[in-house]
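Here is the structure we will look at, set down as structure tokens.
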Amino acid sequence: MPASTDDTRVARVIARFEHLTREDLPRLGEIYTEGVLFKDPFNEVEGQAAVQAVFAHMFDALDEPRFVVRDVIVQGDQCLLTWDFLFRFRRYRYELQTVRGASHLRFAADGRIAQHRDYWDAAEELYEKLPAIGVLMRWLKRRASR
């Protein structure tokens, strides 16, 4: 069941992420401050334009990318969202893929996101799903669990 919240800042962010399209990218300034800091397992960038580029790359590299927010915890100017990221690879397996993760957000006084940090396990959630490297990652995981 999708998450909900009474906090208008968070509700606005959830609505934007869950319905994000390529056409929405120029309006990311509505939810991010000018100097926003963004970090995920592959990127560490600063500023709205850089965050917009991260999301543009997502739309370039994947088919049908979308987020489904599952849980929300809000405390003061901070928020934790857990989410499922659903997409299809363009080059490899075309079936629907899911990456599970979380975002830690810190809001500025104006209600926009000043810091956004995504946490997810790239090895388990992404690399294992790729051909060639996926075989190696699954083998390493089995070896490490013995």
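We name chains A, B, ... following the order of the structure tokens; residues begin at 1 in each chain, and ligands are numbered from 1 as shown.
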
Inset, instruction - Mind checking which residues fall within 6 Å of region 23-39 of chain A, counting only C-alpha atoms, ignoring those fewer than 3 positions away in the same chain, and posting them as a ChimeraX atom specification? - result: /A:43-48,52,112-117

Test item: residues at most 10 Å from Tyr94 (chain A), only C-alpha atoms, excluding those fewer than 5 positions along its chain, as a CSV table (one decimal) with N, CA and C atoms, in the first residue's frame:
```
chain,number,residue,atom,x,y,z
A,62,LEU,N,16.8,3.8,-19.0
A,62,LEU,CA,15.8,2.8,-18.6
A,62,LEU,C,14.4,3.1,-19.3
A,63,ASP,N,13.7,2.0,-19.4
A,63,ASP,CA,12.3,2.2,-19.9
A,63,ASP,C,11.3,2.1,-18.7
A,87,PHE,N,11.4,-0.5,-13.1
A,87,PHE,CA,11.9,-0.1,-14.4
A,87,PHE,C,12.1,-1.4,-15.3
A,88,ARG,N,12.4,-1.1,-16.6
A,88,ARG,CA,12.8,-2.2,-17.5
A,88,ARG,C,14.1,-1.8,-18.1
A,89,PHE,N,15.1,-2.7,-18.1
A,89,PHE,CA,16.3,-2.5,-18.8
A,89,PHE,C,16.0,-2.3,-20.3
```

Legend entry - Contact residues around Gly111 (chain A) with only C-alpha atoms at 7 Å, ignoring same-chain residues under 3 positions, as a PyMOL selection string: chain A and resi 9+107-108

Name the residues of region 2-146 of chain A that fall into strand (DSSP E or B) according to DSSP on the backbone, using the chain letters and numbers of this document, as a tab-separated table (two decimals) with all heavy atoms, in the first residue's frame.
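Saved result, result.tsv, follows:
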```
chain	number	residue	atom	x	y	z
A	32	TYR	N	13.39	21.06	-5.00
A	32	TYR	CA	14.80	21.09	-4.59
A	32	TYR	C	15.29	22.54	-4.50
A	32	TYR	O	14.99	23.36	-5.38
A	32	TYR	CB	15.69	20.36	-5.61
A	32	TYR	CG	15.58	18.86	-5.58
A	32	TYR	CD1	14.98	18.16	-6.61
A	32	TYR	CD2	16.13	18.14	-4.52
A	32	TYR	CE1	14.91	16.78	-6.58
A	32	TYR	CE2	16.06	16.75	-4.48
A	32	TYR	CZ	15.44	16.08	-5.52
A	32	TYR	OH	15.37	14.72	-5.49
A	33	THR	N	16.11	22.83	-3.49
A	33	THR	CA	16.75	24.14	-3.39
A	33	THR	C	17.81	24.28	-4.47
A	33	THR	O	18.25	23.27	-5.05
A	33	THR	CB	17.41	24.34	-2.01
A	33	THR	OG1	18.44	23.36	-1.83
A	33	THR	CG2	16.39	24.26	-0.87
A	34	GLU	N	18.24	25.52	-4.74
A	34	GLU	CA	19.28	25.77	-5.74
A	34	GLU	C	20.55	24.97	-5.47
A	34	GLU	O	21.13	24.39	-6.35
A	34	GLU	CB	19.64	27.25	-5.79
A	34	GLU	CG	18.72	28.09	-6.64
A	34	GLU	CD	18.75	27.70	-8.10
A	34	GLU	OE1	19.83	27.43	-8.66
A	34	GLU	OE2	17.66	27.66	-8.69
A	35	GLY	N	20.99	24.94	-4.22
A	35	GLY	CA	22.25	24.28	-3.88
A	35	GLY	C	22.08	22.90	-3.30
A	35	GLY	O	22.95	22.43	-2.55
A	36	VAL	N	21.02	22.21	-3.64
A	36	VAL	CA	20.74	20.89	-3.08
A	36	VAL	C	21.95	19.96	-3.22
A	36	VAL	O	22.67	20.00	-4.22
A	36	VAL	CB	19.49	20.26	-3.75
A	36	VAL	CG1	19.71	20.03	-5.24
A	36	VAL	CG2	19.10	18.96	-3.06
A	37	LEU	N	22.17	19.16	-2.19
A	37	LEU	CA	23.19	18.11	-2.23
A	37	LEU	C	22.47	16.79	-2.44
A	37	LEU	O	21.55	16.46	-1.69
A	37	LEU	CB	23.97	18.09	-0.92
A	37	LEU	CG	24.69	19.38	-0.56
A	37	LEU	CD1	25.29	19.27	0.84
A	37	LEU	CD2	25.75	19.70	-1.59
A	38	PHE	N	22.89	16.02	-3.45
A	38	PHE	CA	22.25	14.75	-3.79
A	38	PHE	C	23.33	13.68	-3.85
A	38	PHE	O	24.37	13.88	-4.49
A	38	PHE	CB	21.55	14.86	-5.14
A	38	PHE	CG	20.91	13.58	-5.61
A	38	PHE	CD1	19.58	13.31	-5.34
A	38	PHE	CD2	21.65	12.64	-6.32
A	38	PHE	CE1	18.99	12.13	-5.78
A	38	PHE	CE2	21.07	11.46	-6.75
A	38	PHE	CZ	19.74	11.21	-6.48
A	39	LYS	N	23.04	12.53	-3.22
A	39	LYS	CA	23.99	11.42	-3.26
A	39	LYS	C	23.22	10.12	-3.33
A	39	LYS	O	22.22	9.92	-2.64
A	39	LYS	CB	24.88	11.43	-2.01
A	39	LYS	CG	25.95	10.34	-2.00
A	39	LYS	CD	26.92	10.54	-0.87
A	39	LYS	CE	27.91	9.44	-0.69
A	39	LYS	NZ	28.71	9.07	-1.82
A	44	GLU	N	27.20	11.80	-6.77
A	44	GLU	CA	27.28	12.76	-5.69
A	44	GLU	C	27.39	14.12	-6.36
A	44	GLU	O	28.43	14.46	-6.92
A	44	GLU	CB	28.47	12.50	-4.77
A	44	GLU	CG	28.47	13.42	-3.57
A	44	GLU	CD	29.47	13.00	-2.50
A	44	GLU	OE1	30.15	11.96	-2.66
A	44	GLU	OE2	29.56	13.72	-1.49
A	45	VAL	N	26.28	14.87	-6.34
A	45	VAL	CA	26.21	16.11	-7.10
A	45	VAL	C	25.63	17.22	-6.23
A	45	VAL	O	25.01	16.97	-5.19
A	45	VAL	CB	25.35	15.94	-8.38
A	45	VAL	CG1	25.97	14.89	-9.30
A	45	VAL	CG2	23.91	15.59	-8.06
A	46	GLU	N	25.83	18.45	-6.72
A	46	GLU	CA	25.31	19.62	-6.03
A	46	GLU	C	24.60	20.52	-7.02
A	46	GLU	O	25.13	20.78	-8.11
A	46	GLU	CB	26.45	20.39	-5.36
A	46	GLU	CG	25.99	21.59	-4.57
A	46	GLU	CD	27.12	22.27	-3.83
A	46	GLU	OE1	28.21	21.66	-3.70
A	46	GLU	OE2	26.91	23.40	-3.38
A	62	LEU	N	16.77	3.81	-19.02
A	62	LEU	CA	15.78	2.81	-18.63
A	62	LEU	C	14.43	3.08	-19.29
A	62	LEU	O	14.10	4.21	-19.62
A	62	LEU	CB	15.59	2.82	-17.11
A	62	LEU	CG	16.84	2.58	-16.27
A	62	LEU	CD1	16.55	2.84	-14.80
A	62	LEU	CD2	17.38	1.17	-16.50
A	63	ASP	N	13.65	2.02	-19.43
A	63	ASP	CA	12.27	2.15	-19.89
A	63	ASP	C	11.33	2.10	-18.69
A	63	ASP	O	11.55	1.33	-17.75
A	63	ASP	CB	11.90	1.01	-20.85
A	63	ASP	CG	12.45	1.22	-22.24
A	63	ASP	OD1	12.75	2.37	-22.61
A	63	ASP	OD2	12.58	0.22	-22.97
A	64	GLU	N	10.33	2.94	-18.74
A	64	GLU	CA	9.24	2.96	-17.75
A	64	GLU	C	9.71	3.11	-16.30
A	64	GLU	O	9.18	2.46	-15.40
A	64	GLU	CB	8.39	1.70	-17.89
A	64	GLU	CG	7.79	1.50	-19.26
A	64	GLU	CD	7.09	0.16	-19.40
A	64	GLU	OE1	6.48	-0.31	-18.41
A	64	GLU	OE2	7.14	-0.42	-20.50
A	65	PRO	N	10.71	3.99	-16.01
A	65	PRO	CA	11.14	4.13	-14.62
A	65	PRO	C	10.06	4.83	-13.79
A	65	PRO	O	9.44	5.79	-14.25
A	65	PRO	CB	12.40	4.98	-14.73
A	65	PRO	CG	12.19	5.80	-15.96
A	65	PRO	CD	11.41	4.91	-16.91
A	66	ARG	N	9.83	4.31	-12.58
A	66	ARG	CA	8.88	4.97	-11.67
A	66	ARG	C	9.15	4.54	-10.24
A	66	ARG	O	9.69	3.46	-9.99
A	66	ARG	CB	7.44	4.70	-12.06
A	66	ARG	CG	6.98	3.28	-11.89
A	66	ARG	CD	5.56	3.10	-12.41
A	66	ARG	NE	5.13	1.74	-12.26
A	66	ARG	CZ	4.43	1.28	-11.22
A	66	ARG	NH1	4.06	2.11	-10.25
A	66	ARG	NH2	4.08	0.03	-11.14
A	67	PHE	N	8.78	5.41	-9.32
A	67	PHE	CA	8.95	5.16	-7.90
A	67	PHE	C	7.59	4.92	-7.26
A	67	PHE	O	6.61	5.57	-7.62
A	67	PHE	CB	9.61	6.37	-7.20
A	67	PHE	CG	11.01	6.62	-7.63
A	67	PHE	CD1	11.29	7.46	-8.69
A	67	PHE	CD2	12.07	6.01	-6.96
A	67	PHE	CE1	12.59	7.70	-9.09
A	67	PHE	CE2	13.37	6.23	-7.36
A	67	PHE	CZ	13.63	7.08	-8.43
A	68	VAL	N	7.57	4.02	-6.29
A	68	VAL	CA	6.40	3.81	-5.44
A	68	VAL	C	6.89	3.95	-4.00
A	68	VAL	O	7.69	3.14	-3.54
A	68	VAL	CB	5.75	2.43	-5.66
A	68	VAL	CG1	4.58	2.23	-4.70
A	68	VAL	CG2	5.31	2.26	-7.12
A	69	VAL	N	6.44	5.00	-3.33
A	69	VAL	CA	6.85	5.23	-1.94
A	69	VAL	C	6.02	4.32	-1.04
A	69	VAL	O	4.80	4.27	-1.13
A	69	VAL	CB	6.69	6.71	-1.55
A	69	VAL	CG1	7.03	6.92	-0.08
A	69	VAL	CG2	7.59	7.57	-2.44
A	70	ARG	N	6.70	3.59	-0.17
A	70	ARG	CA	6.04	2.61	0.70
A	70	ARG	C	5.83	3.12	2.12
A	70	ARG	O	4.78	2.92	2.70
A	70	ARG	CB	6.86	1.32	0.75
A	70	ARG	CG	6.98	0.63	-0.59
A	70	ARG	CD	5.65	0.16	-1.07
A	70	ARG	NE	5.77	-0.50	-2.36
A	70	ARG	CZ	4.73	-0.78	-3.11
A	70	ARG	NH1	3.52	-0.49	-2.71
A	70	ARG	NH2	4.90	-1.36	-4.27
A	71	ASP	N	6.86	3.73	2.70
A	71	ASP	CA	6.78	4.17	4.10
A	71	ASP	C	7.33	5.58	4.22
A	71	ASP	O	8.21	5.98	3.46
A	71	ASP	CB	7.61	3.24	5.00
A	71	ASP	CG	7.13	1.80	4.94
A	71	ASP	OD1	6.01	1.55	5.40
A	71	ASP	OD2	7.89	0.96	4.43
A	72	VAL	N	6.83	6.30	5.22
A	72	VAL	CA	7.25	7.68	5.46
A	72	VAL	C	7.45	7.88	6.96
A	72	VAL	O	6.58	7.51	7.76
A	72	VAL	CB	6.17	8.68	5.00
A	72	VAL	CG1	6.62	10.12	5.26
A	72	VAL	CG2	5.82	8.48	3.55
A	73	ILE	N	8.60	8.45	7.31
A	73	ILE	CA	8.84	8.86	8.69
A	73	ILE	C	9.30	10.32	8.61
A	73	ILE	O	10.24	10.63	7.89
A	73	ILE	CB	9.92	8.01	9.37
A	73	ILE	CG1	9.51	6.54	9.41
A	73	ILE	CG2	10.21	8.53	10.78
A	73	ILE	CD1	10.61	5.59	9.85
A	74	VAL	N	8.61	11.19	9.35
A	74	VAL	CA	8.95	12.61	9.35
A	74	VAL	C	9.27	13.03	10.77
A	74	VAL	O	8.52	12.70	11.71
A	74	VAL	CB	7.79	13.47	8.81
A	74	VAL	CG1	8.17	14.95	8.81
A	74	VAL	CG2	7.37	13.02	7.43
A	75	GLN	N	10.37	13.76	10.92
A	75	GLN	CA	10.72	14.33	12.22
A	75	GLN	C	11.37	15.68	11.97
A	75	GLN	O	12.48	15.75	11.42
A	75	GLN	CB	11.66	13.41	12.99
A	75	GLN	CG	11.98	13.94	14.37
A	75	GLN	CD	12.84	12.97	15.17
A	75	GLN	OE1	13.37	12.00	14.65
A	75	GLN	NE2	12.98	13.25	16.44
A	78	GLN	N	13.47	16.65	8.76
A	78	GLN	CA	13.98	15.45	8.11
A	78	GLN	C	12.86	14.48	7.77
A	78	GLN	O	11.82	14.46	8.43
A	78	GLN	CB	14.98	14.74	9.02
A	78	GLN	CG	16.20	15.56	9.32
A	78	GLN	CD	17.19	14.77	10.12
A	78	GLN	OE1	17.79	13.82	9.61
A	78	GLN	NE2	17.36	15.14	11.38
A	79	CYS	N	13.12	13.68	6.77
A	79	CYS	CA	12.14	12.69	6.34
A	79	CYS	C	12.89	11.46	5.83
A	79	CYS	O	13.93	11.58	5.18
A	79	CYS	CB	11.30	13.29	5.22
A	79	CYS	SG	10.17	12.14	4.43
A	80	LEU	N	12.36	10.29	6.11
A	80	LEU	CA	12.87	9.04	5.55
A	80	LEU	C	11.74	8.41	4.75
A	80	LEU	O	10.63	8.23	5.27
A	80	LEU	CB	13.33	8.08	6.65
A	80	LEU	CG	13.83	6.74	6.12
A	80	LEU	CD1	15.21	6.90	5.48
A	80	LEU	CD2	13.87	5.70	7.20
A	81	LEU	N	12.02	8.12	3.50
A	81	LEU	CA	11.07	7.44	2.63
A	81	LEU	C	11.64	6.08	2.25
A	81	LEU	O	12.81	6.00	1.88
A	81	LEU	CB	10.84	8.23	1.34
A	81	LEU	CG	10.42	9.68	1.43
A	81	LEU	CD1	10.39	10.31	0.04
A	81	LEU	CD2	9.05	9.78	2.09
A	82	THR	N	10.85	5.04	2.33
A	82	THR	CA	11.25	3.78	1.71
A	82	THR	C	10.46	3.66	0.42
A	82	THR	O	9.32	4.12	0.34
A	82	THR	CB	11.02	2.55	2.61
A	82	THR	OG1	9.63	2.38	2.84
A	82	THR	CG2	11.77	2.68	3.92
A	83	TRP	N	11.07	3.07	-0.58
A	83	TRP	CA	10.45	3.05	-1.90
A	83	TRP	C	10.86	1.82	-2.69
A	83	TRP	O	11.84	1.16	-2.39
A	83	TRP	CB	10.79	4.31	-2.70
A	83	TRP	CG	12.22	4.77	-2.59
A	83	TRP	CD1	12.69	5.79	-1.81
A	83	TRP	CD2	13.38	4.24	-3.26
A	83	TRP	NE1	14.06	5.91	-1.97
A	83	TRP	CE2	14.50	4.99	-2.85
A	83	TRP	CE3	13.57	3.19	-4.17
A	83	TRP	CZ2	15.79	4.74	-3.32
A	83	TRP	CZ3	14.85	2.93	-4.63
A	83	TRP	CH2	15.93	3.71	-4.22
A	84	ASP	N	10.06	1.56	-3.70
A	84	ASP	CA	10.39	0.59	-4.75
A	84	ASP	C	10.60	1.41	-6.02
A	84	ASP	O	9.81	2.30	-6.33
A	84	ASP	CB	9.25	-0.39	-4.99
A	84	ASP	CG	9.02	-1.35	-3.84
A	84	ASP	OD1	9.90	-1.46	-2.96
A	84	ASP	OD2	7.94	-1.98	-3.81
A	85	PHE	N	11.67	1.11	-6.72
A	85	PHE	CA	11.94	1.73	-8.01
A	85	PHE	C	11.72	0.65	-9.05
A	85	PHE	O	12.40	-0.38	-9.05
A	85	PHE	CB	13.37	2.27	-8.05
A	85	PHE	CG	13.77	2.83	-9.38
A	85	PHE	CD1	13.03	3.83	-9.99
A	85	PHE	CD2	14.91	2.38	-10.02
A	85	PHE	CE1	13.40	4.36	-11.21
A	85	PHE	CE2	15.31	2.91	-11.24
A	85	PHE	CZ	14.55	3.90	-11.83
A	86	LEU	N	10.76	0.86	-9.92
A	86	LEU	CA	10.40	-0.11	-10.94
A	86	LEU	C	10.86	0.39	-12.31
A	86	LEU	O	10.73	1.58	-12.60
A	86	LEU	CB	8.88	-0.32	-10.94
A	86	LEU	CG	8.36	-0.77	-9.58
A	86	LEU	CD1	7.17	0.04	-9.17
A	86	LEU	CD2	8.08	-2.24	-9.59
A	87	PHE	N	11.36	-0.50	-13.14
A	87	PHE	CA	11.87	-0.11	-14.45
A	87	PHE	C	12.09	-1.36	-15.29
A	87	PHE	O	12.03	-2.49	-14.81
A	87	PHE	CB	13.20	0.66	-14.31
A	87	PHE	CG	14.31	-0.18	-13.72
A	87	PHE	CD1	15.19	-0.86	-14.53
A	87	PHE	CD2	14.44	-0.30	-12.35
A	87	PHE	CE1	16.20	-1.65	-13.98
A	87	PHE	CE2	15.45	-1.07	-11.79
A	87	PHE	CZ	16.33	-1.75	-12.61
A	88	ARG	N	12.39	-1.12	-16.55
A	88	ARG	CA	12.79	-2.18	-17.47
A	88	ARG	C	14.14	-1.77	-18.08
A	88	ARG	O	14.32	-0.62	-18.45
A	88	ARG	CB	11.77	-2.37	-18.59
A	88	ARG	CG	10.43	-2.83	-18.08
A	88	ARG	CD	9.42	-2.97	-19.23
A	88	ARG	NE	8.07	-3.11	-18.74
A	88	ARG	CZ	7.54	-4.21	-18.24
A	88	ARG	NH1	8.26	-5.30	-18.16
A	88	ARG	NH2	6.30	-4.23	-17.82
A	89	PHE	N	15.07	-2.73	-18.15
A	89	PHE	CA	16.33	-2.46	-18.83
A	89	PHE	C	16.05	-2.30	-20.32
A	89	PHE	O	15.20	-2.98	-20.87
A	89	PHE	CB	17.31	-3.63	-18.66
A	89	PHE	CG	17.92	-3.74	-17.29
A	89	PHE	CD1	17.64	-4.84	-16.49
A	89	PHE	CD2	18.78	-2.77	-16.82
A	89	PHE	CE1	18.20	-4.96	-15.24
A	89	PHE	CE2	19.36	-2.88	-15.57
A	89	PHE	CZ	19.06	-3.98	-14.78
A	97	GLN	N	11.76	-4.83	-13.45
A	97	GLN	CA	12.74	-4.96	-12.38
A	97	GLN	C	12.33	-4.08	-11.21
A	97	GLN	O	11.67	-3.06	-11.41
A	97	GLN	CB	14.13	-4.51	-12.86
A	97	GLN	CG	14.62	-5.21	-14.10
A	97	GLN	CD	14.89	-6.68	-13.85
A	97	GLN	OE1	15.44	-7.07	-12.83
A	97	GLN	NE2	14.52	-7.51	-14.81
A	98	THR	N	12.74	-4.48	-10.02
A	98	THR	CA	12.44	-3.68	-8.83
A	98	THR	C	13.71	-3.52	-8.00
A	98	THR	O	14.40	-4.49	-7.73
A	98	THR	CB	11.37	-4.37	-7.95
A	98	THR	OG1	10.19	-4.57	-8.73
A	98	THR	CG2	11.04	-3.54	-6.73
A	99	VAL	N	13.99	-2.28	-7.62
A	99	VAL	CA	15.06	-1.97	-6.69
A	99	VAL	C	14.39	-1.38	-5.46
A	99	VAL	O	13.57	-0.47	-5.58
A	99	VAL	CB	16.06	-0.95	-7.29
A	99	VAL	CG1	17.02	-0.44	-6.23
A	99	VAL	CG2	16.80	-1.57	-8.46
A	100	ARG	N	14.71	-1.91	-4.28
A	100	ARG	CA	14.15	-1.40	-3.03
A	100	ARG	C	15.19	-0.54	-2.34
A	100	ARG	O	16.36	-0.92	-2.27
A	100	ARG	CB	13.73	-2.55	-2.14
A	100	ARG	CG	12.52	-3.27	-2.70
A	100	ARG	CD	12.20	-4.57	-1.97
A	100	ARG	NE	11.07	-5.22	-2.59
A	100	ARG	CZ	11.12	-5.96	-3.69
A	100	ARG	NH1	12.26	-6.16	-4.29
A	100	ARG	NH2	10.02	-6.50	-4.19
A	101	GLY	N	14.75	0.63	-1.86
A	101	GLY	CA	15.69	1.53	-1.23
A	101	GLY	C	15.01	2.51	-0.30
A	101	GLY	O	13.82	2.39	-0.01
A	102	ALA	N	15.79	3.48	0.14
A	102	ALA	CA	15.30	4.51	1.05
A	102	ALA	C	15.97	5.83	0.72
A	102	ALA	O	17.10	5.86	0.22
A	102	ALA	CB	15.59	4.13	2.50
A	103	SER	N	15.27	6.91	1.00
A	103	SER	CA	15.80	8.25	0.82
A	103	SER	C	15.72	9.00	2.14
A	103	SER	O	14.67	8.98	2.80
A	103	SER	CB	14.99	9.03	-0.22
A	103	SER	OG	15.10	8.45	-1.49
A	104	HIS	N	16.82	9.63	2.50
A	104	HIS	CA	16.85	10.53	3.66
A	104	HIS	C	16.84	11.94	3.10
A	104	HIS	O	17.74	12.32	2.36
A	104	HIS	CB	18.10	10.28	4.50
A	104	HIS	CG	18.23	11.21	5.65
A	104	HIS	ND1	19.44	11.73	6.04
A	104	HIS	CD2	17.30	11.75	6.50
A	104	HIS	CE1	19.26	12.53	7.08
A	104	HIS	NE2	17.97	12.57	7.36
A	105	LEU	N	15.82	12.70	3.45
A	105	LEU	CA	15.67	14.06	2.96
A	105	LEU	C	15.79	15.03	4.12
A	105	LEU	O	15.29	14.77	5.21
A	105	LEU	CB	14.29	14.25	2.30
A	105	LEU	CG	13.88	13.22	1.25
A	105	LEU	CD1	12.45	13.49	0.78
A	105	LEU	CD2	14.85	13.23	0.09
A	106	ARG	N	16.42	16.17	3.84
A	106	ARG	CA	16.49	17.26	4.80
A	106	ARG	C	15.90	18.49	4.11
A	106	ARG	O	16.34	18.86	3.03
A	106	ARG	CB	17.95	17.53	5.18
A	106	ARG	CG	18.14	17.90	6.61
A	106	ARG	CD	19.62	18.05	6.92
A	106	ARG	NE	20.20	16.89	7.55
A	106	ARG	CZ	20.07	16.61	8.84
A	106	ARG	NH1	19.36	17.38	9.61
A	106	ARG	NH2	20.65	15.55	9.35
A	107	PHE	N	14.89	19.09	4.75
A	107	PHE	CA	14.20	20.22	4.15
A	107	PHE	C	14.80	21.54	4.59
A	107	PHE	O	15.20	21.71	5.74
A	107	PHE	CB	12.71	20.19	4.52
A	107	PHE	CG	11.97	19.06	3.88
A	107	PHE	CD1	11.73	17.88	4.58
A	107	PHE	CD2	11.52	19.15	2.58
A	107	PHE	CE1	11.05	16.83	3.99
A	107	PHE	CE2	10.84	18.11	1.98
A	107	PHE	CZ	10.60	16.94	2.69
A	113	ILE	N	13.70	20.49	-0.67
A	113	ILE	CA	14.75	19.57	-0.25
A	113	ILE	C	16.12	20.25	-0.41
A	113	ILE	O	16.47	20.69	-1.50
A	113	ILE	CB	14.72	18.28	-1.09
A	113	ILE	CG1	13.36	17.59	-0.96
A	113	ILE	CG2	15.85	17.35	-0.70
A	113	ILE	CD1	13.13	16.50	-2.00
A	114	ALA	N	16.87	20.28	0.71
A	114	ALA	CA	18.23	20.83	0.70
A	114	ALA	C	19.27	19.72	0.60
A	114	ALA	O	20.36	19.93	0.07
A	114	ALA	CB	18.47	21.66	1.95
A	115	GLN	N	18.94	18.53	1.12
A	115	GLN	CA	19.82	17.37	1.05
A	115	GLN	C	18.98	16.13	0.76
A	115	GLN	O	17.92	15.94	1.36
A	115	GLN	CB	20.58	17.16	2.36
A	115	GLN	CG	21.53	18.25	2.68
A	115	GLN	CD	22.23	18.04	4.01
A	115	GLN	OE1	21.88	17.15	4.79
A	115	GLN	NE2	23.21	18.86	4.29
A	116	HIS	N	19.47	15.32	-0.17
A	116	HIS	CA	18.78	14.10	-0.58
A	116	HIS	C	19.82	13.00	-0.69
A	116	HIS	O	20.73	13.08	-1.51
A	116	HIS	CB	18.10	14.34	-1.92
A	116	HIS	CG	17.38	13.15	-2.48
A	116	HIS	ND1	16.41	13.30	-3.43
A	116	HIS	CD2	17.47	11.82	-2.24
A	116	HIS	CE1	15.95	12.09	-3.76
A	116	HIS	NE2	16.60	11.19	-3.05
A	117	ARG	N	19.69	11.99	0.14
A	117	ARG	CA	20.63	10.86	0.11
A	117	ARG	C	19.83	9.58	-0.07
A	117	ARG	O	18.92	9.29	0.70
A	117	ARG	CB	21.43	10.79	1.41
A	117	ARG	CG	22.31	9.56	1.53
A	117	ARG	CD	23.75	9.90	1.22
A	117	ARG	NE	24.56	8.70	1.15
A	117	ARG	CZ	25.63	8.50	1.89
A	117	ARG	NH1	26.04	9.40	2.75
A	117	ARG	NH2	26.33	7.39	1.75
A	118	ASP	N	20.15	8.83	-1.11
A	118	ASP	CA	19.49	7.54	-1.39
A	118	ASP	C	20.37	6.41	-0.91
A	118	ASP	O	21.59	6.42	-1.13
A	118	ASP	CB	19.24	7.37	-2.89
A	118	ASP	CG	18.05	8.17	-3.38
A	118	ASP	OD1	17.28	8.68	-2.55
A	118	ASP	OD2	17.89	8.29	-4.60
A	119	TYR	N	19.74	5.44	-0.30
A	119	TYR	CA	20.42	4.24	0.17
A	119	TYR	C	19.77	3.03	-0.48
A	119	TYR	O	18.56	2.83	-0.37
A	119	TYR	CB	20.29	4.10	1.70
A	119	TYR	CG	20.93	5.23	2.46
A	119	TYR	CD1	20.22	6.37	2.82
A	119	TYR	CD2	22.28	5.16	2.82
A	119	TYR	CE1	20.82	7.40	3.52
A	119	TYR	CE2	22.89	6.19	3.52
A	119	TYR	CZ	22.15	7.30	3.87
A	119	TYR	OH	22.74	8.33	4.55
```

Legend entry - All residues 10 Å or closer to Asp60 (chain A), only C-alpha atoms, same chain fewer than 6 positions away omitted, as a list in words: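 Once the nearby chain positions are removed, what remains is Arg22, Val54 and Arg90 of chain A.
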
Print the selection's residues with N, CA, C and O atoms to a file, as an mmCIF file, in the first residue's frame.
```
data_model
loop_
_atom_site.group_PDB
_atom_site.id
_atom_site.type_symbol
_atom_site.label_atom_id
_atom_site.label_comp_id
_atom_site.auth_asym_id
_atom_site.auth_seq_id
_atom_site.Cartn_x
_atom_site.Cartn_y
_atom_site.Cartn_z
ATOM 1 N N ARG A 22 9.855 12.672 -17.789
ATOM 2 C CA ARG A 22 10.942 13.467 -18.356
ATOM 3 C C ARG A 22 10.515 14.938 -18.481
ATOM 4 O O ARG A 22 11.300 15.846 -18.254
ATOM 5 N N VAL A 54 20.935 13.811 -13.300
ATOM 6 C CA VAL A 54 20.852 12.444 -12.769
ATOM 7 C C VAL A 54 19.531 11.800 -13.201
ATOM 8 O O VAL A 54 19.506 10.666 -13.694
ATOM 9 N N ARG A 90 16.798 -1.458 -20.962
ATOM 10 C CA ARG A 90 16.633 -1.297 -22.412
ATOM 11 C C ARG A 90 17.422 -2.339 -23.183
ATOM 12 O O ARG A 90 17.026 -2.754 -24.253
#
```
